[in-house]
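**Q** Next up, input-v5.txt (compact mmCIF, N, CA and C atoms).
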```
# COMPACT_ATOMS: atom_id res chain seq x y z
N MET A 238 -33.84 -153.79 -45.93
CA MET A 238 -33.37 -155.15 -45.74
C MET A 238 -32.50 -155.58 -46.92
N VAL A 239 -32.89 -155.18 -48.13
CA VAL A 239 -32.12 -155.54 -49.31
C VAL A 239 -30.73 -154.91 -49.26
N VAL A 240 -30.66 -153.66 -48.81
CA VAL A 240 -29.39 -152.95 -48.71
C VAL A 240 -28.50 -153.64 -47.69
N ALA A 241 -29.04 -154.03 -46.57
CA ALA A 241 -28.27 -154.71 -45.53
C ALA A 241 -27.75 -156.04 -46.03
N MET A 242 -28.57 -156.79 -46.73
CA MET A 242 -28.16 -158.09 -47.27
C MET A 242 -27.07 -157.91 -48.34
N THR A 243 -27.21 -156.89 -49.18
CA THR A 243 -26.20 -156.62 -50.21
C THR A 243 -24.87 -156.26 -49.56
N ALA A 244 -24.91 -155.40 -48.55
CA ALA A 244 -23.69 -155.00 -47.85
C ALA A 244 -23.04 -156.21 -47.19
N LEU A 245 -23.83 -157.04 -46.57
CA LEU A 245 -23.31 -158.25 -45.93
C LEU A 245 -22.70 -159.18 -46.97
N PHE A 246 -23.39 -159.37 -48.07
CA PHE A 246 -22.90 -160.25 -49.14
C PHE A 246 -21.57 -159.74 -49.71
N LEU A 247 -21.50 -158.44 -49.99
CA LEU A 247 -20.28 -157.87 -50.57
C LEU A 247 -19.11 -157.91 -49.58
N SER A 248 -19.38 -157.62 -48.31
CA SER A 248 -18.29 -157.63 -47.34
C SER A 248 -17.76 -159.05 -47.14
N LEU A 249 -18.64 -160.00 -47.03
CA LEU A 249 -18.19 -161.39 -46.87
C LEU A 249 -17.63 -161.94 -48.17
N GLY A 250 -18.25 -161.60 -49.26
CA GLY A 250 -17.79 -162.10 -50.56
C GLY A 250 -16.42 -161.56 -50.92
N GLY A 251 -16.19 -160.28 -50.63
CA GLY A 251 -14.89 -159.68 -50.94
C GLY A 251 -13.77 -160.35 -50.17
N VAL A 252 -13.97 -160.59 -48.90
CA VAL A 252 -12.95 -161.24 -48.08
C VAL A 252 -12.75 -162.68 -48.53
N SER A 253 -13.89 -163.40 -48.78
CA SER A 253 -13.73 -164.78 -49.20
C SER A 253 -13.05 -164.87 -50.54
N TYR A 254 -13.34 -163.93 -51.42
CA TYR A 254 -12.68 -163.95 -52.72
C TYR A 254 -11.18 -163.79 -52.56
N GLY A 255 -10.77 -162.83 -51.73
CA GLY A 255 -9.34 -162.61 -51.52
C GLY A 255 -8.68 -163.82 -50.89
N LEU A 256 -9.33 -164.43 -49.92
CA LEU A 256 -8.75 -165.61 -49.27
C LEU A 256 -8.74 -166.81 -50.20
N ALA A 257 -9.80 -167.00 -50.96
CA ALA A 257 -9.90 -168.17 -51.82
C ALA A 257 -8.94 -168.11 -53.00
N THR A 258 -8.74 -166.94 -53.58
CA THR A 258 -7.92 -166.84 -54.79
C THR A 258 -6.51 -166.35 -54.51
N GLY A 259 -6.25 -165.88 -53.30
CA GLY A 259 -4.92 -165.37 -52.99
C GLY A 259 -4.67 -163.99 -53.55
N VAL A 260 -5.70 -163.28 -53.97
CA VAL A 260 -5.55 -161.95 -54.55
C VAL A 260 -5.69 -160.92 -53.42
N ILE A 261 -4.60 -160.66 -52.74
CA ILE A 261 -4.55 -159.65 -51.70
C ILE A 261 -3.32 -158.81 -52.00
N SER A 262 -3.50 -157.52 -52.06
CA SER A 262 -2.36 -156.66 -52.39
C SER A 262 -1.66 -156.21 -51.12
N GLY A 263 -0.48 -155.65 -51.28
CA GLY A 263 0.30 -155.16 -50.16
C GLY A 263 -0.37 -154.04 -49.40
N ARG A 264 -1.24 -153.28 -50.07
CA ARG A 264 -1.96 -152.18 -49.41
C ARG A 264 -2.92 -152.71 -48.35
N GLU A 265 -3.36 -153.95 -48.50
CA GLU A 265 -4.34 -154.51 -47.57
C GLU A 265 -3.70 -155.20 -46.38
N ILE A 266 -2.36 -155.26 -46.33
CA ILE A 266 -1.65 -155.96 -45.26
C ILE A 266 -0.97 -154.93 -44.36
N LYS A 267 -1.20 -155.04 -43.07
CA LYS A 267 -0.53 -154.15 -42.12
C LYS A 267 0.89 -154.66 -41.88
N ASN A 268 1.81 -153.74 -41.64
CA ASN A 268 3.20 -154.11 -41.38
C ASN A 268 3.31 -155.05 -40.18
N ASN A 269 4.22 -155.99 -40.28
CA ASN A 269 4.54 -156.95 -39.21
C ASN A 269 3.37 -157.84 -38.81
N THR A 270 2.44 -158.10 -39.72
CA THR A 270 1.31 -158.97 -39.39
C THR A 270 1.44 -160.35 -40.03
N ILE A 271 2.33 -160.52 -40.99
CA ILE A 271 2.50 -161.82 -41.64
C ILE A 271 3.79 -162.46 -41.13
N THR A 272 3.69 -163.72 -40.71
CA THR A 272 4.85 -164.46 -40.23
C THR A 272 5.17 -165.57 -41.20
N PHE A 273 6.24 -166.31 -40.93
CA PHE A 273 6.63 -167.40 -41.83
C PHE A 273 5.55 -168.48 -41.92
N LYS A 274 4.70 -168.59 -40.91
CA LYS A 274 3.64 -169.58 -40.93
C LYS A 274 2.56 -169.23 -41.95
N ASP A 275 2.45 -167.94 -42.30
CA ASP A 275 1.42 -167.48 -43.22
C ASP A 275 1.81 -167.63 -44.69
N VAL A 276 3.07 -167.94 -44.97
CA VAL A 276 3.54 -168.02 -46.35
C VAL A 276 3.79 -169.49 -46.70
N ARG A 277 3.23 -169.91 -47.83
CA ARG A 277 3.42 -171.28 -48.27
C ARG A 277 4.89 -171.55 -48.59
N LYS A 278 5.33 -172.76 -48.33
CA LYS A 278 6.72 -173.15 -48.57
C LYS A 278 7.10 -172.92 -50.03
N ASP A 279 8.29 -172.39 -50.23
CA ASP A 279 8.87 -172.15 -51.56
C ASP A 279 8.07 -171.14 -52.40
N ARG A 280 7.29 -170.26 -51.75
CA ARG A 280 6.55 -169.24 -52.49
C ARG A 280 7.33 -167.94 -52.62
N LEU A 281 8.26 -167.70 -51.71
CA LEU A 281 9.10 -166.50 -51.78
C LEU A 281 10.49 -166.92 -52.20
N GLY A 282 11.00 -166.31 -53.23
CA GLY A 282 12.33 -166.63 -53.71
C GLY A 282 13.16 -165.38 -53.90
N GLY A 283 14.30 -165.53 -54.52
CA GLY A 283 15.20 -164.42 -54.74
C GLY A 283 14.56 -163.28 -55.52
N GLY A 284 13.66 -163.61 -56.43
CA GLY A 284 12.99 -162.57 -57.21
C GLY A 284 11.97 -161.78 -56.39
N SER A 285 11.53 -162.35 -55.27
CA SER A 285 10.51 -161.69 -54.43
C SER A 285 11.12 -160.82 -53.35
N ILE A 286 12.41 -160.97 -53.10
CA ILE A 286 13.06 -160.28 -51.98
C ILE A 286 14.14 -159.35 -52.50
N LYS A 287 14.12 -158.11 -52.05
CA LYS A 287 15.18 -157.16 -52.40
C LYS A 287 16.34 -157.38 -51.43
N GLU A 288 17.38 -158.06 -51.88
CA GLU A 288 18.51 -158.36 -51.00
C GLU A 288 19.20 -157.11 -50.50
N SER A 289 19.15 -156.03 -51.27
CA SER A 289 19.82 -154.80 -50.86
C SER A 289 19.18 -154.18 -49.62
N THR A 290 17.94 -154.57 -49.30
CA THR A 290 17.27 -154.01 -48.13
C THR A 290 17.48 -154.86 -46.89
N LEU A 291 18.12 -156.02 -47.03
CA LEU A 291 18.33 -156.89 -45.88
C LEU A 291 19.54 -156.43 -45.08
N GLY A 292 19.44 -156.47 -43.78
CA GLY A 292 20.55 -156.11 -42.90
C GLY A 292 21.35 -157.35 -42.53
N PRO A 293 22.40 -157.18 -41.72
CA PRO A 293 23.19 -158.34 -41.31
C PRO A 293 22.40 -159.21 -40.34
N VAL A 294 22.68 -160.48 -40.35
CA VAL A 294 22.03 -161.41 -39.44
C VAL A 294 22.68 -161.23 -38.07
N PRO A 295 21.91 -160.92 -37.02
CA PRO A 295 22.50 -160.61 -35.72
C PRO A 295 23.39 -161.71 -35.16
N SER A 296 23.06 -162.96 -35.42
CA SER A 296 23.85 -164.04 -34.83
C SER A 296 24.96 -164.54 -35.76
N ALA A 297 25.14 -163.90 -36.89
CA ALA A 297 26.19 -164.33 -37.81
C ALA A 297 27.53 -163.81 -37.30
N PHE A 298 28.21 -164.62 -36.52
CA PHE A 298 29.41 -164.20 -35.79
C PHE A 298 30.52 -163.75 -36.71
N ILE A 299 30.92 -164.56 -37.66
CA ILE A 299 32.05 -164.23 -38.51
C ILE A 299 31.70 -163.13 -39.51
N THR A 300 30.52 -163.19 -40.10
CA THR A 300 30.18 -162.22 -41.13
C THR A 300 29.99 -160.82 -40.59
N SER A 301 29.70 -160.69 -39.32
CA SER A 301 29.53 -159.35 -38.78
C SER A 301 30.85 -158.69 -38.42
N GLY A 302 31.95 -159.36 -38.65
CA GLY A 302 33.26 -158.78 -38.38
C GLY A 302 33.68 -158.93 -36.93
N SER A 303 33.06 -159.86 -36.20
CA SER A 303 33.39 -160.03 -34.80
C SER A 303 34.69 -160.78 -34.58
N ALA A 304 35.13 -161.54 -35.55
CA ALA A 304 36.37 -162.31 -35.40
C ALA A 304 37.47 -161.64 -36.21
N HIS A 305 38.47 -161.13 -35.52
CA HIS A 305 39.63 -160.54 -36.15
C HIS A 305 40.82 -161.45 -35.86
N PHE A 306 41.76 -161.51 -36.77
CA PHE A 306 42.97 -162.27 -36.48
C PHE A 306 44.12 -161.73 -37.28
N ALA A 307 45.32 -162.09 -36.85
CA ALA A 307 46.53 -161.73 -37.58
C ALA A 307 47.57 -162.81 -37.36
N VAL A 308 48.25 -163.18 -38.42
CA VAL A 308 49.42 -164.05 -38.35
C VAL A 308 50.59 -163.16 -38.73
N VAL A 309 51.53 -162.99 -37.78
CA VAL A 309 52.61 -162.03 -37.95
C VAL A 309 53.94 -162.77 -37.86
N ASN A 310 54.89 -162.44 -38.76
CA ASN A 310 56.21 -163.08 -38.70
C ASN A 310 57.11 -162.33 -37.72
N GLY A 311 58.30 -162.83 -37.51
CA GLY A 311 59.22 -162.25 -36.54
C GLY A 311 59.64 -160.83 -36.87
N ALA A 312 59.55 -160.42 -38.13
CA ALA A 312 59.90 -159.06 -38.52
C ALA A 312 58.74 -158.08 -38.31
N GLY A 313 57.58 -158.58 -37.90
CA GLY A 313 56.43 -157.71 -37.65
C GLY A 313 55.53 -157.52 -38.85
N GLN A 314 55.68 -158.34 -39.87
CA GLN A 314 54.84 -158.23 -41.06
C GLN A 314 53.64 -159.16 -40.94
N ALA A 315 52.45 -158.63 -41.23
CA ALA A 315 51.24 -159.46 -41.21
C ALA A 315 51.25 -160.36 -42.44
N ILE A 316 51.21 -161.67 -42.20
CA ILE A 316 51.21 -162.65 -43.29
C ILE A 316 49.79 -162.93 -43.76
N ARG A 317 48.89 -163.18 -42.79
CA ARG A 317 47.47 -163.37 -43.07
C ARG A 317 46.71 -162.60 -42.00
N PHE A 318 45.53 -162.07 -42.35
CA PHE A 318 44.78 -161.31 -41.36
C PHE A 318 43.35 -161.10 -41.81
N ARG A 319 42.49 -160.77 -40.85
CA ARG A 319 41.12 -160.31 -41.11
C ARG A 319 40.85 -159.17 -40.14
N GLY A 320 40.52 -158.02 -40.66
CA GLY A 320 40.20 -156.87 -39.84
C GLY A 320 41.42 -156.11 -39.32
N ALA A 321 42.62 -156.57 -39.63
CA ALA A 321 43.83 -155.86 -39.19
C ALA A 321 44.20 -154.82 -40.24
N THR A 322 44.58 -153.63 -39.78
CA THR A 322 44.99 -152.58 -40.71
C THR A 322 46.50 -152.44 -40.76
N SER A 323 47.21 -152.87 -39.69
CA SER A 323 48.66 -152.82 -39.71
C SER A 323 49.23 -153.71 -38.62
N ALA A 324 50.48 -154.10 -38.80
CA ALA A 324 51.23 -154.85 -37.80
C ALA A 324 52.66 -154.34 -37.86
N ALA A 325 53.30 -154.23 -36.70
CA ALA A 325 54.67 -153.71 -36.68
C ALA A 325 55.42 -154.27 -35.48
N ARG A 326 56.73 -154.43 -35.64
CA ARG A 326 57.61 -154.77 -34.52
C ARG A 326 58.03 -153.44 -33.92
N THR A 327 57.71 -153.20 -32.65
CA THR A 327 57.99 -151.92 -32.01
C THR A 327 59.30 -151.93 -31.23
N ALA A 328 59.80 -153.09 -30.89
CA ALA A 328 61.08 -153.26 -30.19
C ALA A 328 61.44 -154.74 -30.26
N GLU A 329 62.58 -155.10 -29.74
CA GLU A 329 62.99 -156.51 -29.72
C GLU A 329 61.92 -157.34 -29.00
N GLY A 330 61.28 -158.27 -29.73
CA GLY A 330 60.27 -159.15 -29.15
C GLY A 330 58.94 -158.48 -28.84
N ARG A 331 58.73 -157.27 -29.31
CA ARG A 331 57.47 -156.56 -29.03
C ARG A 331 56.84 -156.12 -30.35
N TYR A 332 55.52 -156.29 -30.41
CA TYR A 332 54.77 -156.03 -31.64
C TYR A 332 53.48 -155.32 -31.31
N GLN A 333 52.93 -154.65 -32.30
CA GLN A 333 51.60 -154.06 -32.17
C GLN A 333 50.82 -154.36 -33.44
N VAL A 334 49.59 -154.84 -33.26
CA VAL A 334 48.67 -155.09 -34.38
C VAL A 334 47.50 -154.13 -34.21
N ILE A 335 47.18 -153.37 -35.26
CA ILE A 335 46.07 -152.43 -35.25
C ILE A 335 44.92 -153.00 -36.08
N PHE A 336 43.71 -152.92 -35.52
CA PHE A 336 42.53 -153.43 -36.20
C PHE A 336 41.64 -152.29 -36.65
N ASP A 337 40.62 -152.61 -37.44
CA ASP A 337 39.73 -151.60 -37.99
C ASP A 337 38.59 -151.21 -37.04
N ALA A 338 38.67 -151.64 -35.77
CA ALA A 338 37.62 -151.33 -34.80
C ALA A 338 38.23 -151.33 -33.39
N ASP A 339 37.48 -150.78 -32.46
CA ASP A 339 37.89 -150.75 -31.05
C ASP A 339 37.85 -152.18 -30.51
N VAL A 340 38.96 -152.68 -29.98
CA VAL A 340 39.04 -154.07 -29.50
C VAL A 340 39.16 -154.15 -27.98
N ARG A 341 38.91 -153.03 -27.28
CA ARG A 341 39.03 -153.06 -25.82
C ARG A 341 38.04 -154.01 -25.16
N GLY A 342 36.85 -154.15 -25.70
CA GLY A 342 35.84 -155.02 -25.11
C GLY A 342 35.85 -156.43 -25.66
N CYS A 343 36.91 -156.81 -26.33
CA CYS A 343 36.99 -158.12 -26.97
C CYS A 343 37.86 -159.08 -26.16
N ALA A 344 37.78 -160.35 -26.49
CA ALA A 344 38.69 -161.34 -25.94
C ALA A 344 39.83 -161.51 -26.93
N TYR A 345 41.04 -161.61 -26.45
CA TYR A 345 42.17 -161.77 -27.35
C TYR A 345 43.11 -162.79 -26.75
N PHE A 346 43.79 -163.49 -27.60
CA PHE A 346 44.68 -164.57 -27.20
C PHE A 346 46.11 -164.18 -27.54
N VAL A 347 46.73 -163.46 -26.69
CA VAL A 347 48.12 -163.04 -26.70
C VAL A 347 48.26 -162.15 -25.46
N SER A 348 49.09 -161.10 -25.49
CA SER A 348 49.30 -160.26 -24.31
C SER A 348 48.23 -159.19 -24.19
N GLY A 349 48.52 -158.08 -23.51
CA GLY A 349 47.53 -157.05 -23.23
C GLY A 349 47.36 -156.03 -24.32
N LEU A 350 46.37 -155.19 -24.11
CA LEU A 350 46.10 -154.10 -25.05
C LEU A 350 47.12 -153.00 -24.88
N GLY A 351 47.35 -152.30 -25.95
CA GLY A 351 48.28 -151.17 -25.90
C GLY A 351 47.54 -149.87 -25.69
N SER A 352 48.19 -148.77 -26.02
CA SER A 352 47.59 -147.45 -25.84
C SER A 352 46.56 -147.15 -26.92
N ASN A 353 46.59 -147.87 -28.03
CA ASN A 353 45.63 -147.66 -29.12
C ASN A 353 44.44 -148.58 -28.88
N VAL A 354 43.21 -148.02 -28.77
CA VAL A 354 42.03 -148.85 -28.48
C VAL A 354 41.74 -149.85 -29.59
N ASN A 355 42.25 -149.62 -30.78
CA ASN A 355 42.06 -150.55 -31.89
C ASN A 355 43.22 -151.53 -32.00
N GLY A 356 44.15 -151.52 -31.06
CA GLY A 356 45.35 -152.32 -31.21
C GLY A 356 45.59 -153.28 -30.06
N VAL A 357 46.48 -154.22 -30.31
CA VAL A 357 46.92 -155.19 -29.32
C VAL A 357 48.45 -155.18 -29.34
N ASP A 358 49.06 -155.05 -28.17
CA ASP A 358 50.52 -155.14 -28.07
C ASP A 358 50.90 -156.57 -27.72
N ILE A 359 51.90 -157.10 -28.38
CA ILE A 359 52.32 -158.48 -28.19
C ILE A 359 53.78 -158.50 -27.78
N ARG A 360 54.12 -159.34 -26.82
CA ARG A 360 55.51 -159.52 -26.41
C ARG A 360 55.87 -160.99 -26.57
N THR A 361 56.93 -161.27 -27.30
CA THR A 361 57.40 -162.64 -27.45
C THR A 361 58.76 -162.77 -26.78
N THR A 362 59.00 -163.93 -26.20
CA THR A 362 60.26 -164.16 -25.50
C THR A 362 60.91 -165.45 -25.99
N GLY A 363 62.20 -165.53 -25.76
CA GLY A 363 62.95 -166.74 -26.08
C GLY A 363 62.88 -167.72 -24.92
N ALA A 364 63.62 -168.82 -25.03
CA ALA A 364 63.62 -169.87 -24.01
C ALA A 364 64.13 -169.35 -22.66
N ASN A 365 65.02 -168.36 -22.68
CA ASN A 365 65.58 -167.82 -21.43
C ASN A 365 64.70 -166.73 -20.81
N GLY A 366 63.57 -166.39 -21.44
CA GLY A 366 62.65 -165.38 -20.91
C GLY A 366 62.94 -163.97 -21.38
N ASN A 367 64.02 -163.79 -22.12
CA ASN A 367 64.34 -162.47 -22.66
C ASN A 367 63.50 -162.20 -23.90
N ASP A 368 63.27 -160.92 -24.18
CA ASP A 368 62.54 -160.55 -25.39
C ASP A 368 63.26 -161.10 -26.61
N ALA A 369 62.47 -161.70 -27.53
CA ALA A 369 63.03 -162.26 -28.75
C ALA A 369 62.00 -162.13 -29.87
N ASN A 370 62.49 -161.91 -31.07
CA ASN A 370 61.59 -161.78 -32.22
C ASN A 370 61.12 -163.16 -32.65
N LYS A 371 59.84 -163.43 -32.47
CA LYS A 371 59.24 -164.72 -32.80
C LYS A 371 57.95 -164.48 -33.56
N PRO A 372 57.63 -165.35 -34.51
CA PRO A 372 56.32 -165.25 -35.17
C PRO A 372 55.21 -165.61 -34.19
N PHE A 373 53.99 -165.17 -34.46
CA PHE A 373 52.87 -165.49 -33.56
C PHE A 373 51.56 -165.42 -34.33
N HIS A 374 50.54 -165.98 -33.73
CA HIS A 374 49.16 -165.90 -34.24
C HIS A 374 48.36 -165.14 -33.19
N LEU A 375 47.46 -164.28 -33.64
CA LEU A 375 46.62 -163.48 -32.76
C LEU A 375 45.18 -163.62 -33.19
N VAL A 376 44.27 -163.88 -32.24
CA VAL A 376 42.84 -163.95 -32.52
C VAL A 376 42.14 -162.97 -31.59
N VAL A 377 41.24 -162.16 -32.15
CA VAL A 377 40.46 -161.20 -31.36
C VAL A 377 38.98 -161.50 -31.61
N LEU A 378 38.24 -161.78 -30.55
CA LEU A 378 36.81 -162.10 -30.65
C LEU A 378 36.02 -161.03 -29.92
N CYS A 379 35.08 -160.42 -30.62
CA CYS A 379 34.26 -159.35 -30.01
C CYS A 379 32.83 -159.81 -29.81
```
Please re-express this file's structure in structure tokens.
**A**
Amino acid sequence: MVVAMTALFLSLGGVSYGLATGVISGREIKNNTITFKDVRKDRLGGGSIKESTLGPVPSAFITSGSAHFAVVNGAGQAIRFRGATSAARTAEGRYQVIFDADVRGCAYFVSGLGSNVNGVDIRTTGANGNDANKPFHLVVLC
């Protein structure tokens, strides 16, 4: 009976001690068992988290590289861009912008895709409908 009471006391006392004092080590916690509700506010800070082990936030649209754009002048030179690797005038009023990723499954605001899966072909026209070299803005959303 004494042994049973001692075992009961130690098992309950050990758990209560850990809960009462907050002395629980990482070895005693199973993976994916603690949620934000279990952590007191402002108890985890930059010193507690290894930022190098964090991945990208799935819903972070711009930071994940989903938004590409290019501002191109009439000569085919990229003036401002994000994710574009090159821009060129391929003929009178025709341009191609190449991006750092496949843009076939993206939405783009200009003309159709070209033969390069990472590129967009653009055609600009003058007032009479003929091909003409004009500056343009291009946005690609994936």
**Q** Given the choices A:Cys343, A:Ile286, A:Ala369, A:Cys379, which gets closest to Ala328 in chain A if the distance is worked out from only C-alpha atoms?
**A** A:Ala369
**Q** What is the atom C of Gln333 in chain A-atom N of Ala364 in chain A distance in Å, reported with one decimal?
**A**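 About the pair atom C of Gln333 in chain A and atom N of Ala364 in chain A: they are 21.1 Å apart.
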**Q** What separation in Å, quoted to one decimal, exists between atom N of Arg319 in chain A and CA of Leu375 in chain A?
**A**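 It comes out at 9.5 Å.
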**Q** For CA of Ala338 in chain A and CA of Leu291 in chain A, determine how far apart the two atoms are, in Å to one decimal place.
**A**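 Taking CA of Ala338 in chain A as the start and CA of Leu291 in chain A as the end point, the length is 22.9 Å.
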**Q** Hey, can you pull every residue with an atom no more than 10 Å from (38.5, -154.7, -30.7), using only C-alpha atoms, and send it as a list in words?
**A** Ser303, Ala304, His305, Gly320, Ile335, Phe336, Asp337, Ala338, Asp339, Val340, Arg341, Gly342, Cys343, Ala344, Tyr345, Leu350, Val354, Asn355, Gly356, Val357, Val377, Leu378 and Cys379 of chain A
**Q** Quick one: write out the picked residues with N, CA and C atoms as a PDB file, keeping the file's coordinate frame?
**A**
```pdb
ATOM      1  N   SER A 303      33.060-159.860 -36.200  1.00  0.00           N
ATOM      2  CA  SER A 303      33.390-160.030 -34.800  1.00  0.00           C
ATOM      3  C   SER A 303      34.690-160.780 -34.580  1.00  0.00           C
ATOM      4  N   ALA A 304      35.130-161.540 -35.550  1.00  0.00           N
ATOM      5  CA  ALA A 304      36.370-162.310 -35.400  1.00  0.00           C
ATOM      6  C   ALA A 304      37.470-161.640 -36.210  1.00  0.00           C
ATOM      7  N   HIS A 305      38.470-161.130 -35.520  1.00  0.00           N
ATOM      8  CA  HIS A 305      39.630-160.540 -36.150  1.00  0.00           C
ATOM      9  C   HIS A 305      40.820-161.450 -35.860  1.00  0.00           C
ATOM     10  N   GLY A 320      40.520-158.020 -40.660  1.00  0.00           N
ATOM     11  CA  GLY A 320      40.200-156.870 -39.840  1.00  0.00           C
ATOM     12  C   GLY A 320      41.420-156.110 -39.320  1.00  0.00           C
ATOM     13  N   ILE A 335      47.180-153.370 -35.260  1.00  0.00           N
ATOM     14  CA  ILE A 335      46.070-152.430 -35.250  1.00  0.00           C
ATOM     15  C   ILE A 335      44.920-153.000 -36.080  1.00  0.00           C
ATOM     16  N   PHE A 336      43.710-152.920 -35.520  1.00  0.00           N
ATOM     17  CA  PHE A 336      42.530-153.430 -36.200  1.00  0.00           C
ATOM     18  C   PHE A 336      41.640-152.290 -36.650  1.00  0.00           C
ATOM     19  N   ASP A 337      40.620-152.610 -37.440  1.00  0.00           N
ATOM     20  CA  ASP A 337      39.730-151.600 -37.990  1.00  0.00           C
ATOM     21  C   ASP A 337      38.590-151.210 -37.040  1.00  0.00           C
ATOM     22  N   ALA A 338      38.670-151.640 -35.770  1.00  0.00           N
ATOM     23  CA  ALA A 338      37.620-151.330 -34.800  1.00  0.00           C
ATOM     24  C   ALA A 338      38.230-151.330 -33.390  1.00  0.00           C
ATOM     25  N   ASP A 339      37.480-150.780 -32.460  1.00  0.00           N
ATOM     26  CA  ASP A 339      37.890-150.750 -31.050  1.00  0.00           C
ATOM     27  C   ASP A 339      37.850-152.180 -30.510  1.00  0.00           C
ATOM     28  N   VAL A 340      38.960-152.680 -29.980  1.00  0.00           N
ATOM     29  CA  VAL A 340      39.040-154.070 -29.500  1.00  0.00           C
ATOM     30  C   VAL A 340      39.160-154.150 -27.980  1.00  0.00           C
ATOM     31  N   ARG A 341      38.910-153.030 -27.280  1.00  0.00           N
ATOM     32  CA  ARG A 341      39.030-153.060 -25.820  1.00  0.00           C
ATOM     33  C   ARG A 341      38.040-154.010 -25.160  1.00  0.00           C
ATOM     34  N   GLY A 342      36.850-154.150 -25.700  1.00  0.00           N
ATOM     35  CA  GLY A 342      35.840-155.020 -25.110  1.00  0.00           C
ATOM     36  C   GLY A 342      35.850-156.430 -25.660  1.00  0.00           C
ATOM     37  N   CYS A 343      36.910-156.810 -26.330  1.00  0.00           N
ATOM     38  CA  CYS A 343      36.990-158.120 -26.970  1.00  0.00           C
ATOM     39  C   CYS A 343      37.860-159.080 -26.160  1.00  0.00           C
ATOM     40  N   ALA A 344      37.780-160.350 -26.490  1.00  0.00           N
ATOM     41  CA  ALA A 344      38.690-161.340 -25.940  1.00  0.00           C
ATOM     42  C   ALA A 344      39.830-161.510 -26.930  1.00  0.00           C
ATOM     43  N   TYR A 345      41.040-161.610 -26.450  1.00  0.00           N
ATOM     44  CA  TYR A 345      42.170-161.770 -27.350  1.00  0.00           C
ATOM     45  C   TYR A 345      43.110-162.790 -26.750  1.00  0.00           C
ATOM     46  N   LEU A 350      46.370-155.190 -24.110  1.00  0.00           N
ATOM     47  CA  LEU A 350      46.100-154.100 -25.050  1.00  0.00           C
ATOM     48  C   LEU A 350      47.120-153.000 -24.880  1.00  0.00           C
ATOM     49  N   VAL A 354      43.210-148.020 -28.770  1.00  0.00           N
ATOM     50  CA  VAL A 354      42.030-148.850 -28.480  1.00  0.00           C
ATOM     51  C   VAL A 354      41.740-149.850 -29.590  1.00  0.00           C
ATOM     52  N   ASN A 355      42.250-149.620 -30.780  1.00  0.00           N
ATOM     53  CA  ASN A 355      42.060-150.550 -31.890  1.00  0.00           C
ATOM     54  C   ASN A 355      43.220-151.530 -32.000  1.00  0.00           C
ATOM     55  N   GLY A 356      44.150-151.520 -31.060  1.00  0.00           N
ATOM     56  CA  GLY A 356      45.350-152.320 -31.210  1.00  0.00           C
ATOM     57  C   GLY A 356      45.590-153.280 -30.060  1.00  0.00           C
ATOM     58  N   VAL A 357      46.480-154.220 -30.310  1.00  0.00           N
ATOM     59  CA  VAL A 357      46.920-155.190 -29.320  1.00  0.00           C
ATOM     60  C   VAL A 357      48.450-155.180 -29.340  1.00  0.00           C
ATOM     61  N   VAL A 377      41.240-162.160 -32.150  1.00  0.00           N
ATOM     62  CA  VAL A 377      40.460-161.200 -31.360  1.00  0.00           C
ATOM     63  C   VAL A 377      38.980-161.500 -31.610  1.00  0.00           C
ATOM     64  N   LEU A 378      38.240-161.780 -30.550  1.00  0.00           N
ATOM     65  CA  LEU A 378      36.810-162.100 -30.650  1.00  0.00           C
ATOM     66  C   LEU A 378      36.020-161.030 -29.920  1.00  0.00           C
ATOM     67  N   CYS A 379      35.080-160.420 -30.620  1.00  0.00           N
ATOM     68  CA  CYS A 379      34.260-159.350 -30.010  1.00  0.00           C
ATOM     69  C   CYS A 379      32.830-159.810 -29.810  1.00  0.00           C
TER      70      CYS A 379
END
```
**Q** Identify which of the residues A:Asn310, A:Thr327, A:Ser262, A:Thr270 lies closest to His374 in chain A, counting all atoms listed in the file when measuring atom-to-atom distances.
**A**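 Closest to His374 in chain A of all the choices is A:Asn310.
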**Q** Specify the axis-aligned box that encloses all atoms of range 319-338 of chain A listed in the file after padding of 8 Å on each side, stating its centre and edge lengths in Å to one decimal as AutoDock Vina command-line options.
**A**
```
--center_x 50.3 --center_y -156.0 --center_z -35.0 --size_x 41.4 --size_y 25.6 --size_z 28.3
```
